[in-house]
>>> print(open('final01.pdb').read())   # PDB, N, CA and C atoms
MODEL        1
ATOM      1  N   MET P1167      -5.405 -18.971  -5.139
ATOM      2  CA  MET P1167      -4.400 -18.193  -5.860
ATOM      3  C   MET P1167      -4.326 -16.783  -5.272
ATOM      4  N   THR P1168      -3.124 -16.270  -5.190
ATOM      5  CA  THR P1168      -2.905 -14.940  -4.634
ATOM      6  C   THR P1168      -2.543 -13.969  -5.753
ATOM      7  N   THR P1169      -3.206 -12.840  -5.778
ATOM      8  CA  THR P1169      -2.903 -11.800  -6.758
ATOM      9  C   THR P1169      -1.573 -11.153  -6.414
ATOM     10  N   GLN P1170      -0.735 -10.957  -7.434
ATOM     11  CA  GLN P1170       0.509 -10.217  -7.247
ATOM     12  C   GLN P1170       0.461  -8.968  -8.123
ATOM     13  N   ILE P1171       0.709  -7.837  -7.509
ATOM     14  CA  ILE P1171       0.704  -6.563  -8.222
ATOM     15  C   ILE P1171       2.135  -6.049  -8.277
ATOM     16  N   ALA P1172       2.686  -5.981  -9.489
ATOM     17  CA  ALA P1172       4.056  -5.503  -9.687
ATOM     18  C   ALA P1172       4.007  -4.009  -9.958
ATOM     19  N   LEU P1173       4.568  -3.237  -9.055
ATOM     20  CA  LEU P1173       4.535  -1.784  -9.207
ATOM     21  C   LEU P1173       5.425  -1.304 -10.349
ATOM     22  N   GLN P1174       6.415  -2.106 -10.724
ATOM     23  CA  GLN P1174       7.348  -1.700 -11.768
ATOM     24  C   GLN P1174       6.642  -1.382 -13.084
ATOM     25  N   GLN P1175       5.563  -2.096 -13.379
ATOM     26  CA  GLN P1175       4.851  -1.822 -14.629
ATOM     27  C   GLN P1175       4.135  -0.473 -14.616
ATOM     28  N   HIS P1176       4.014   0.149 -13.456
ATOM     29  CA  HIS P1176       3.366   1.457 -13.334
ATOM     30  C   HIS P1176       4.390   2.591 -13.220
ATOM     31  N   ALA P1177       5.673   2.236 -13.166
ATOM     32  CA  ALA P1177       6.726   3.235 -12.928
ATOM     33  C   ALA P1177       7.221   3.849 -14.230
ATOM     34  N   ILE P1178       7.721   5.057 -14.093
ATOM     35  CA  ILE P1178       8.439   5.708 -15.183
ATOM     36  C   ILE P1178       9.902   5.633 -14.782
ATOM     37  N   GLY P1179      10.659   4.798 -15.459
ATOM     38  CA  GLY P1179      12.016   4.519 -15.002
ATOM     39  C   GLY P1179      11.943   3.707 -13.725
ATOM     40  N   ARG P1180      12.660   4.150 -12.708
ATOM     41  CA  ARG P1180      12.616   3.447 -11.413
ATOM     42  C   ARG P1180      11.688   4.134 -10.421
ATOM     43  N   MET P1181      11.182   5.298 -10.775
ATOM     44  CA  MET P1181      10.436   6.108  -9.809
ATOM     45  C   MET P1181       8.935   5.985 -10.023
ATOM     46  N   ILE P1182       8.222   5.868  -8.922
ATOM     47  CA  ILE P1182       6.761   5.925  -8.942
ATOM     48  C   ILE P1182       6.380   6.775  -7.736
ATOM     49  N   GLY P1183       5.870   7.981  -8.023
ATOM     50  CA  GLY P1183       5.746   8.894  -6.912
ATOM     51  C   GLY P1183       4.489   9.721  -6.821
ATOM     52  N   MET P1184       3.788   9.868  -7.913
ATOM     53  CA  MET P1184       2.621  10.745  -7.848
ATOM     54  C   MET P1184       1.474  10.069  -7.109
ATOM     55  N   ARG P1185       0.847  10.833  -6.235
ATOM     56  CA  ARG P1185      -0.300  10.340  -5.467
ATOM     57  C   ARG P1185      -1.382   9.787  -6.399
ATOM     58  N   SER P1186      -1.644  10.522  -7.486
ATOM     59  CA  SER P1186      -2.706  10.107  -8.411
ATOM     60  C   SER P1186      -2.405   8.762  -9.073
ATOM     61  N   SER P1187      -1.121   8.440  -9.250
ATOM     62  CA  SER P1187      -0.786   7.160  -9.883
ATOM     63  C   SER P1187      -1.058   5.980  -8.955
ATOM     64  N   ALA P1188      -1.194   6.224  -7.663
ATOM     65  CA  ALA P1188      -1.478   5.148  -6.705
ATOM     66  C   ALA P1188      -2.950   4.750  -6.688
ATOM     67  N   VAL P1189      -3.835   5.643  -7.105
ATOM     68  CA  VAL P1189      -5.282   5.391  -6.985
ATOM     69  C   VAL P1189      -5.721   4.141  -7.757
ATOM     70  N   PRO P1190      -5.412   4.002  -9.055
ATOM     71  CA  PRO P1190      -5.860   2.793  -9.753
ATOM     72  C   PRO P1190      -5.220   1.515  -9.204
ATOM     73  N   ILE P1191      -3.987   1.611  -8.714
ATOM     74  CA  ILE P1191      -3.332   0.437  -8.133
ATOM     75  C   ILE P1191      -4.035   0.051  -6.832
ATOM     76  N   ARG P1192      -4.380   1.055  -6.011
ATOM     77  CA  ARG P1192      -5.102   0.772  -4.756
ATOM     78  C   ARG P1192      -6.453   0.130  -5.052
ATOM     79  N   LYS P1193      -7.135   0.597  -6.083
ATOM     80  CA  LYS P1193      -8.436   0.007  -6.442
ATOM     81  C   LYS P1193      -8.265  -1.457  -6.852
ATOM     82  N   THR P1194      -7.177  -1.771  -7.546
ATOM     83  CA  THR P1194      -6.883  -3.163  -7.907
ATOM     84  C   THR P1194      -6.659  -3.995  -6.651
ATOM     85  N   ILE P1195      -5.925  -3.445  -5.690
ATOM     86  CA  ILE P1195      -5.689  -4.137  -4.417
ATOM     87  C   ILE P1195      -7.015  -4.373  -3.690
ATOM     88  N   GLU P1196      -7.857  -3.343  -3.628
ATOM     89  CA  GLU P1196      -9.155  -3.470  -2.938
ATOM     90  C   GLU P1196     -10.009  -4.558  -3.571
ATOM     91  N   LEU P1197     -10.054  -4.596  -4.899
ATOM     92  CA  LEU P1197     -10.826  -5.638  -5.590
ATOM     93  C   LEU P1197     -10.284  -7.023  -5.279
ATOM     94  N   ALA P1198      -8.968  -7.165  -5.315
ATOM     95  CA  ALA P1198      -8.355  -8.463  -5.036
ATOM     96  C   ALA P1198      -8.635  -8.904  -3.598
ATOM     97  N   LEU P1199      -8.620  -7.960  -2.655
ATOM     98  CA  LEU P1199      -8.874  -8.303  -1.251
ATOM     99  C   LEU P1199     -10.313  -8.748  -1.004
ATOM    100  N   GLN P1200     -11.220  -8.365  -1.892
ATOM    101  CA  GLN P1200     -12.600  -8.835  -1.757
ATOM    102  C   GLN P1200     -12.700 -10.338  -2.016
ATOM    103  N   ASN P1201     -11.802 -10.847  -2.848
ATOM    104  CA  ASN P1201     -11.872 -12.240  -3.276
ATOM    105  C   ASN P1201     -10.800 -13.135  -2.672
ATOM    106  N   GLU P1202      -9.776 -12.536  -2.095
ATOM    107  CA  GLU P1202      -8.642 -13.321  -1.626
ATOM    108  C   GLU P1202      -8.242 -12.916  -0.219
ATOM    109  N   ARG P1203      -7.596 -13.836   0.442
ATOM    110  CA  ARG P1203      -7.123 -13.590   1.803
ATOM    111  C   ARG P1203      -5.953 -12.605   1.806
ATOM    112  N   GLU P1204      -5.043 -12.763   0.837
ATOM    113  CA  GLU P1204      -3.843 -11.933   0.803
ATOM    114  C   GLU P1204      -3.583 -11.421  -0.610
ATOM    115  N   VAL P1205      -2.883 -10.307  -0.677
ATOM    116  CA  VAL P1205      -2.449  -9.738  -1.943
ATOM    117  C   VAL P1205      -0.964  -9.397  -1.802
ATOM    118  N   ILE P1206      -0.194  -9.764  -2.828
ATOM    119  CA  ILE P1206       1.232  -9.450  -2.842
ATOM    120  C   ILE P1206       1.427  -8.149  -3.619
ATOM    121  N   VAL P1207       2.097  -7.185  -2.995
ATOM    122  CA  VAL P1207       2.459  -5.941  -3.668
ATOM    123  C   VAL P1207       3.982  -5.968  -3.818
ATOM    124  N   ASN P1208       4.434  -6.027  -5.074
ATOM    125  CA  ASN P1208       5.851  -6.186  -5.352
ATOM    126  C   ASN P1208       6.482  -4.835  -5.702
ATOM    127  N   PHE P1209       7.389  -4.381  -4.829
ATOM    128  CA  PHE P1209       8.074  -3.106  -4.992
ATOM    129  C   PHE P1209       9.417  -3.266  -5.716
ATOM    130  N   SER P1210       9.750  -4.461  -6.171
ATOM    131  CA  SER P1210      11.049  -4.712  -6.811
ATOM    132  C   SER P1210      11.272  -3.767  -7.987
ATOM    133  N   GLY P1211      12.462  -3.168  -8.003
ATOM    134  CA  GLY P1211      12.846  -2.331  -9.130
ATOM    135  C   GLY P1211      12.290  -0.924  -9.125
ATOM    136  N   VAL P1212      11.577  -0.540  -8.057
ATOM    137  CA  VAL P1212      11.032   0.821  -8.017
ATOM    138  C   VAL P1212      11.366   1.502  -6.688
ATOM    139  N   GLU P1213      11.444   2.805  -6.762
ATOM    140  CA  GLU P1213      11.529   3.651  -5.572
ATOM    141  C   GLU P1213      10.231   4.445  -5.515
ATOM    142  N   VAL P1214       9.736   4.668  -4.311
ATOM    143  CA  VAL P1214       8.434   5.318  -4.145
ATOM    144  C   VAL P1214       8.568   6.546  -3.247
ATOM    145  N   THR P1215       7.598   7.440  -3.352
ATOM    146  CA  THR P1215       7.555   8.608  -2.481
ATOM    147  C   THR P1215       6.566   8.353  -1.345
ATOM    148  N   GLN P1216       6.668   9.180  -0.326
ATOM    149  CA  GLN P1216       5.743   9.061   0.800
ATOM    150  C   GLN P1216       4.307   9.322   0.348
ATOM    151  N   SER P1217       4.094  10.273  -0.537
ATOM    152  CA  SER P1217       2.721  10.572  -0.972
ATOM    153  C   SER P1217       2.124   9.404  -1.757
ATOM    154  N   PHE P1218       2.941   8.722  -2.557
ATOM    155  CA  PHE P1218       2.458   7.541  -3.282
ATOM    156  C   PHE P1218       2.043   6.451  -2.298
ATOM    157  N   VAL P1219       2.915   6.156  -1.332
ATOM    158  CA  VAL P1219       2.619   5.109  -0.341
ATOM    159  C   VAL P1219       1.395   5.489   0.493
ATOM    160  N   ASP P1220       1.264   6.770   0.821
ATOM    161  CA  ASP P1220       0.111   7.208   1.600
ATOM    162  C   ASP P1220      -1.189   6.951   0.827
ATOM    163  N   GLU P1221      -1.185   7.236  -0.456
ATOM    164  CA  GLU P1221      -2.389   7.008  -1.259
ATOM    165  C   GLU P1221      -2.620   5.516  -1.492
ATOM    166  N   LEU P1222      -1.531   4.758  -1.652
ATOM    167  CA  LEU P1222      -1.643   3.319  -1.917
ATOM    168  C   LEU P1222      -2.076   2.548  -0.677
ATOM    169  N   LEU P1223      -1.393   2.759   0.435
ATOM    170  CA  LEU P1223      -1.619   1.982   1.655
ATOM    171  C   LEU P1223      -2.300   2.780   2.763
ATOM    172  N   GLY P1224      -1.937   4.053   2.907
ATOM    173  CA  GLY P1224      -2.518   4.882   3.962
ATOM    174  C   GLY P1224      -4.029   5.001   3.841
ATOM    175  N   ALA P1225      -4.506   5.168   2.612
ATOM    176  CA  ALA P1225      -5.953   5.269   2.399
ATOM    177  C   ALA P1225      -6.664   3.964   2.764
ATOM    178  N   LEU P1226      -6.022   2.835   2.499
ATOM    179  CA  LEU P1226      -6.595   1.531   2.889
ATOM    180  C   LEU P1226      -6.687   1.418   4.404
ATOM    181  N   ILE P1227      -5.622   1.846   5.095
ATOM    182  CA  ILE P1227      -5.593   1.768   6.558
ATOM    183  C   ILE P1227      -6.668   2.665   7.158
ATOM    184  N   LEU P1228      -6.825   3.863   6.616
ATOM    185  CA  LEU P1228      -7.850   4.777   7.137
ATOM    186  C   LEU P1228      -9.252   4.196   6.955
ATOM    187  N   ARG P1229      -9.483   3.492   5.869
ATOM    188  CA  ARG P1229     -10.812   2.942   5.591
ATOM    189  C   ARG P1229     -11.063   1.619   6.310
ATOM    190  N   GLU P1230     -10.065   0.719   6.281
ATOM    191  CA  GLU P1230     -10.264  -0.650   6.769
ATOM    192  C   GLU P1230      -9.691  -0.914   8.156
ATOM    193  N   GLY P1231      -8.780  -0.044   8.588
ATOM    194  CA  GLY P1231      -8.105  -0.268   9.860
ATOM    195  C   GLY P1231      -6.727  -0.862   9.642
ATOM    196  N   PRO P1232      -5.851  -0.740  10.651
ATOM    197  CA  PRO P1232      -4.465  -1.182  10.499
ATOM    198  C   PRO P1232      -4.310  -2.677  10.240
ATOM    199  N   GLU P1233      -5.301  -3.482  10.644
ATOM    200  CA  GLU P1233      -5.172  -4.928  10.431
ATOM    201  C   GLU P1233      -5.201  -5.310   8.949
ATOM    202  N   ILE P1234      -5.590  -4.378   8.073
ATOM    203  CA  ILE P1234      -5.565  -4.662   6.629
ATOM    204  C   ILE P1234      -4.141  -4.972   6.176
ATOM    205  N   MET P1235      -3.153  -4.413   6.864
ATOM    206  CA  MET P1235      -1.756  -4.652   6.484
ATOM    207  C   MET P1235      -1.356  -6.116   6.669
ATOM    208  N   GLN P1236      -2.057  -6.841   7.520
ATOM    209  CA  GLN P1236      -1.763  -8.259   7.713
ATOM    210  C   GLN P1236      -2.156  -9.084   6.493
ATOM    211  N   ARG P1237      -2.968  -8.506   5.621
ATOM    212  CA  ARG P1237      -3.407  -9.215   4.414
ATOM    213  C   ARG P1237      -2.588  -8.832   3.187
ATOM    214  N   LEU P1238      -1.632  -7.912   3.377
ATOM    215  CA  LEU P1238      -0.771  -7.481   2.282
ATOM    216  C   LEU P1238       0.636  -8.013   2.491
ATOM    217  N   ILE P1239       1.182  -8.612   1.460
ATOM    218  CA  ILE P1239       2.561  -9.082   1.494
ATOM    219  C   ILE P1239       3.364  -8.116   0.633
ATOM    220  N   LEU P1240       4.271  -7.383   1.252
ATOM    221  CA  LEU P1240       5.070  -6.392   0.547
ATOM    222  C   LEU P1240       6.424  -7.011   0.228
ATOM    223  N   LYS P1241       6.700  -7.174  -1.069
ATOM    224  CA  LYS P1241       7.944  -7.807  -1.514
ATOM    225  C   LYS P1241       8.853  -6.782  -2.170
ATOM    226  N   GLY P1242      10.139  -7.046  -2.117
ATOM    227  CA  GLY P1242      11.110  -6.266  -2.865
ATOM    228  C   GLY P1242      11.283  -4.832  -2.401
ATOM    229  N   CYS P1243      10.988  -4.560  -1.137
ATOM    230  CA  CYS P1243      11.113  -3.191  -0.628
ATOM    231  C   CYS P1243      12.571  -2.859  -0.338
ATOM    232  N   SER P1244      13.004  -1.711  -0.826
ATOM    233  CA  SER P1244      14.324  -1.206  -0.449
ATOM    234  C   SER P1244      14.245  -0.747   1.006
ATOM    235  N   GLU P1245      15.408  -0.473   1.590
ATOM    236  CA  GLU P1245      15.441   0.033   2.967
ATOM    237  C   GLU P1245      14.641   1.337   3.072
ATOM    238  N   GLN P1246      14.787   2.205   2.072
ATOM    239  CA  GLN P1246      14.073   3.483   2.062
ATOM    240  C   GLN P1246      12.565   3.254   1.960
ATOM    241  N   THR P1247      12.150   2.360   1.069
ATOM    242  CA  THR P1247      10.721   2.064   0.913
ATOM    243  C   THR P1247      10.150   1.488   2.204
ATOM    244  N   ARG P1248      10.890   0.589   2.826
ATOM    245  CA  ARG P1248      10.426  -0.009   4.090
ATOM    246  C   ARG P1248      10.197   1.070   5.143
ATOM    247  N   GLY P1249      11.109   2.040   5.209
ATOM    248  CA  GLY P1249      10.967   3.135   6.161
ATOM    249  C   GLY P1249       9.735   3.985   5.885
ATOM    250  N   ILE P1250       9.496   4.274   4.614
ATOM    251  CA  ILE P1250       8.314   5.053   4.226
ATOM    252  C   ILE P1250       7.038   4.296   4.592
ATOM    253  N   VAL P1251       6.997   2.996   4.266
ATOM    254  CA  VAL P1251       5.809   2.183   4.568
ATOM    255  C   VAL P1251       5.553   2.161   6.075
ATOM    256  N   LYS P1252       6.587   1.958   6.865
ATOM    257  CA  LYS P1252       6.420   1.918   8.328
ATOM    258  C   LYS P1252       5.888   3.244   8.851
ATOM    259  N   PHE P1253       6.447   4.351   8.360
ATOM    260  CA  PHE P1253       5.999   5.672   8.806
ATOM    261  C   PHE P1253       4.535   5.898   8.449
ATOM    262  N   VAL P1254       4.174   5.661   7.187
ATOM    263  CA  VAL P1254       2.793   5.883   6.729
ATOM    264  C   VAL P1254       1.829   4.979   7.486
ATOM    265  N   ALA P1255       2.177   3.699   7.629
ATOM    266  CA  ALA P1255       1.284   2.755   8.313
ATOM    267  C   ALA P1255       1.056   3.168   9.762
ATOM    268  N   ALA P1256       2.118   3.568  10.459
ATOM    269  CA  ALA P1256       1.978   3.971  11.862
ATOM    270  C   ALA P1256       1.133   5.235  11.981
ATOM    271  N   ASP P1257       1.383   6.207  11.104
ATOM    272  CA  ASP P1257       0.659   7.472  11.137
ATOM    273  C   ASP P1257      -0.836   7.258  10.859
ATOM    274  N   ARG P1258      -1.149   6.514   9.825
ATOM    275  CA  ARG P1258      -2.554   6.284   9.468
ATOM    276  C   ARG P1258      -3.254   5.362  10.466
ATOM    277  N   ALA P1259      -2.544   4.418  11.040
ATOM    278  CA  ALA P1259      -3.135   3.560  12.073
ATOM    279  C   ALA P1259      -3.534   4.395  13.287
ATOM    280  N   GLU P1260      -2.661   5.325  13.650
ATOM    281  CA  GLU P1260      -2.967   6.213  14.778
ATOM    282  C   GLU P1260      -4.201   7.067  14.466
ATOM    283  N   GLN P1261      -4.270   7.612  13.260
ATOM    284  CA  GLN P1261      -5.434   8.415  12.868
ATOM    285  C   GLN P1261      -6.710   7.574  12.879
ATOM    286  N   PHE P1262      -6.613   6.326  12.393
ATOM    287  CA  PHE P1262      -7.783   5.435  12.395
ATOM    288  C   PHE P1262      -8.260   5.193  13.826
ATOM    289  N   MET P1263      -7.318   4.910  14.723
ATOM    290  CA  MET P1263      -7.678   4.622  16.122
ATOM    291  C   MET P1263      -8.305   5.852  16.786
ATOM    292  N   LEU P1264      -7.772   7.013  16.517
ATOM    293  CA  LEU P1264      -8.340   8.234  17.099
ATOM    294  C   LEU P1264      -9.750   8.502  16.563
ATOM    295  N   ALA P1265      -9.973   8.199  15.295
ATOM    296  CA  ALA P1265     -11.275   8.445  14.680
ATOM    297  C   ALA P1265     -12.338   7.448  15.132
ATOM    298  N   THR P1266     -11.909   6.244  15.511
ATOM    299  CA  THR P1266     -12.889   5.201  15.863
ATOM    300  C   THR P1266     -13.092   5.040  17.360
ATOM    301  N   HIS P1267     -12.305   5.749  18.171
ATOM    302  CA  HIS P1267     -12.441   5.607  19.629
ATOM    303  C   HIS P1267     -12.710   6.932  20.303
TER     304      HIS P1267
ENDMDL
END
>>> encode(input="final01.pdb", output="structure tokens")
Amino acid sequence: MTTQIALQQHAIGRMIGMRSSAVPIRKTIELALQNEREVIVNFSGVEVTQSFVDELLGALILREGPEIMQRLILKGCSEQTRGIVKFVAADRAEQFMLATH
């Protein structure tokens, strides 16, 4: 069974943006990844900020490496959200590589 995390339940209206609000969600993702191959993160119905995505996914990439993204299935991303995720993932992957080499 694959854990699905719906971000909409954490949003106020359609927006979820504070860095601090990403921390408990990231911890849920980390716990699920200990037990499962993949975790679904569902962005349907929400818009996110770069700081939220950085805390949610960027912190995972810095700790685990960019290959952690292969274990996350991101659903329901708007075009804007997809752009933010790509930017954060590329930036943090580069930082991870520089720190480990």
>>> closest_residue(input="final01.pdb", among="P:Arg1258, P:Arg1248, P:Arg1185, P:Arg1192", to="P:Leu1228", atoms="only N, CA and C atoms")
P:Arg1258
>>> resolve_selection(input="final01.pdb", expression="the PyMOL selection byres (((chain P and resi 1255 and name CA) around 8) and name CA)", output="ChimeraX atom specification")
/P:1223-1224,1227,1232,1251-1254,1256-1259
>>> closest_residue(input="final01.pdb", among="P:Met1167, P:Leu1264, P:Lys1241, P:Ile1178", to="P:Glu1202", atoms="all atoms listed in the file")
P:Met1167
>>> closest_residue(input="final01.pdb", among="P:Gln1246, P:Met1263, P:Gln1175, P:Leu1238", to="P:Arg1203", atoms="all atoms listed in the file")
P:Leu1238
>>> closest_residue(input="final01.pdb", among="P:Thr1215, P:Leu1240, P:Asn1201, P:Ser1187", to="P:Ala1172", atoms="only C-alpha atoms")
P:Leu1240
>>> select_by_dssp(input="final01.pdb", residues="chain P", states="strand (DSSP E or B)", output="PyMOL selection string")
chain P and resi 1169-1172+1178+1181-1182+1205-1208+1213-1214+1238-1241
>>> atom_distance(input="final01.pdb", atom1="atom N of P:Arg1237", atom2="atom CA of P:Val1212")
21.7 Å
>>> resolve_selection(input="final01.pdb", expression="the PyMOL selection byres (((chain P and resi 1174 and name CA) around 12) and name CA)", output="NGL selection string")
:P and (1170-1173 or 1175-1183 or 1191 or 1207-1214 or 1241-1243)
>>> write_last_selection(input="final01.pdb", atoms="N, CA and C atoms", output="short mmCIF file (atom, residue, chain, number, x, y, z; two decimals), in the coordinates of the input")
data_model
loop_
_atom_site.label_atom_id
_atom_site.label_comp_id
_atom_site.auth_asym_id
_atom_site.auth_seq_id
_atom_site.Cartn_x
_atom_site.Cartn_y
_atom_site.Cartn_z
N GLN P 1170 -0.74 -10.96 -7.43
CA GLN P 1170 0.51 -10.22 -7.25
C GLN P 1170 0.46 -8.97 -8.12
N ILE P 1171 0.71 -7.84 -7.51
CA ILE P 1171 0.70 -6.56 -8.22
C ILE P 1171 2.13 -6.05 -8.28
N ALA P 1172 2.69 -5.98 -9.49
CA ALA P 1172 4.06 -5.50 -9.69
C ALA P 1172 4.01 -4.01 -9.96
N LEU P 1173 4.57 -3.24 -9.06
CA LEU P 1173 4.54 -1.78 -9.21
C LEU P 1173 5.42 -1.30 -10.35
N GLN P 1175 5.56 -2.10 -13.38
CA GLN P 1175 4.85 -1.82 -14.63
C GLN P 1175 4.14 -0.47 -14.62
N HIS P 1176 4.01 0.15 -13.46
CA HIS P 1176 3.37 1.46 -13.33
C HIS P 1176 4.39 2.59 -13.22
N ALA P 1177 5.67 2.24 -13.17
CA ALA P 1177 6.73 3.24 -12.93
C ALA P 1177 7.22 3.85 -14.23
N ILE P 1178 7.72 5.06 -14.09
CA ILE P 1178 8.44 5.71 -15.18
C ILE P 1178 9.90 5.63 -14.78
N GLY P 1179 10.66 4.80 -15.46
CA GLY P 1179 12.02 4.52 -15.00
C GLY P 1179 11.94 3.71 -13.72
N ARG P 1180 12.66 4.15 -12.71
CA ARG P 1180 12.62 3.45 -11.41
C ARG P 1180 11.69 4.13 -10.42
N MET P 1181 11.18 5.30 -10.78
CA MET P 1181 10.44 6.11 -9.81
C MET P 1181 8.94 5.98 -10.02
N ILE P 1182 8.22 5.87 -8.92
CA ILE P 1182 6.76 5.92 -8.94
C ILE P 1182 6.38 6.78 -7.74
N GLY P 1183 5.87 7.98 -8.02
CA GLY P 1183 5.75 8.89 -6.91
C GLY P 1183 4.49 9.72 -6.82
N ILE P 1191 -3.99 1.61 -8.71
CA ILE P 1191 -3.33 0.44 -8.13
C ILE P 1191 -4.04 0.05 -6.83
N VAL P 1207 2.10 -7.18 -3.00
CA VAL P 1207 2.46 -5.94 -3.67
C VAL P 1207 3.98 -5.97 -3.82
N ASN P 1208 4.43 -6.03 -5.07
CA ASN P 1208 5.85 -6.19 -5.35
C ASN P 1208 6.48 -4.84 -5.70
N PHE P 1209 7.39 -4.38 -4.83
CA PHE P 1209 8.07 -3.11 -4.99
C PHE P 1209 9.42 -3.27 -5.72
N SER P 1210 9.75 -4.46 -6.17
CA SER P 1210 11.05 -4.71 -6.81
C SER P 1210 11.27 -3.77 -7.99
N GLY P 1211 12.46 -3.17 -8.00
CA GLY P 1211 12.85 -2.33 -9.13
C GLY P 1211 12.29 -0.92 -9.12
N VAL P 1212 11.58 -0.54 -8.06
CA VAL P 1212 11.03 0.82 -8.02
C VAL P 1212 11.37 1.50 -6.69
N GLU P 1213 11.44 2.80 -6.76
CA GLU P 1213 11.53 3.65 -5.57
C GLU P 1213 10.23 4.44 -5.52
N VAL P 1214 9.74 4.67 -4.31
CA VAL P 1214 8.43 5.32 -4.14
C VAL P 1214 8.57 6.55 -3.25
N LYS P 1241 6.70 -7.17 -1.07
CA LYS P 1241 7.94 -7.81 -1.51
C LYS P 1241 8.85 -6.78 -2.17
N GLY P 1242 10.14 -7.05 -2.12
CA GLY P 1242 11.11 -6.27 -2.86
C GLY P 1242 11.28 -4.83 -2.40
N CYS P 1243 10.99 -4.56 -1.14
CA CYS P 1243 11.11 -3.19 -0.63
C CYS P 1243 12.57 -2.86 -0.34
#
>>> atom_distance(input="final01.pdb", atom1="atom C of P:Phe1262", atom2="atom CA of P:Leu1197")
22.4 Å
>>> axis_aligned_box(input="final01.pdb", around="stretch 1242-1255 of chain P", padding_each_side="8 Å", output="lines of an AutoDock Vina configuration file")
center_x = 8.2
center_y = -0.6
center_z = 3.4
size_x = 30.4
size_y = 28.9
size_z = 28.6
>>> closest_residue(input="final01.pdb", among="P:Leu1226, P:Ile1239, P:Ile1234, P:Val1219", to="P:Val1205", atoms="all atoms listed in the file")
P:Ile1239
>>> atom_distance(input="final01.pdb", atom1="atom CA of P:Gln1216", atom2="atom CA of P:Val1189")
14.0 Å
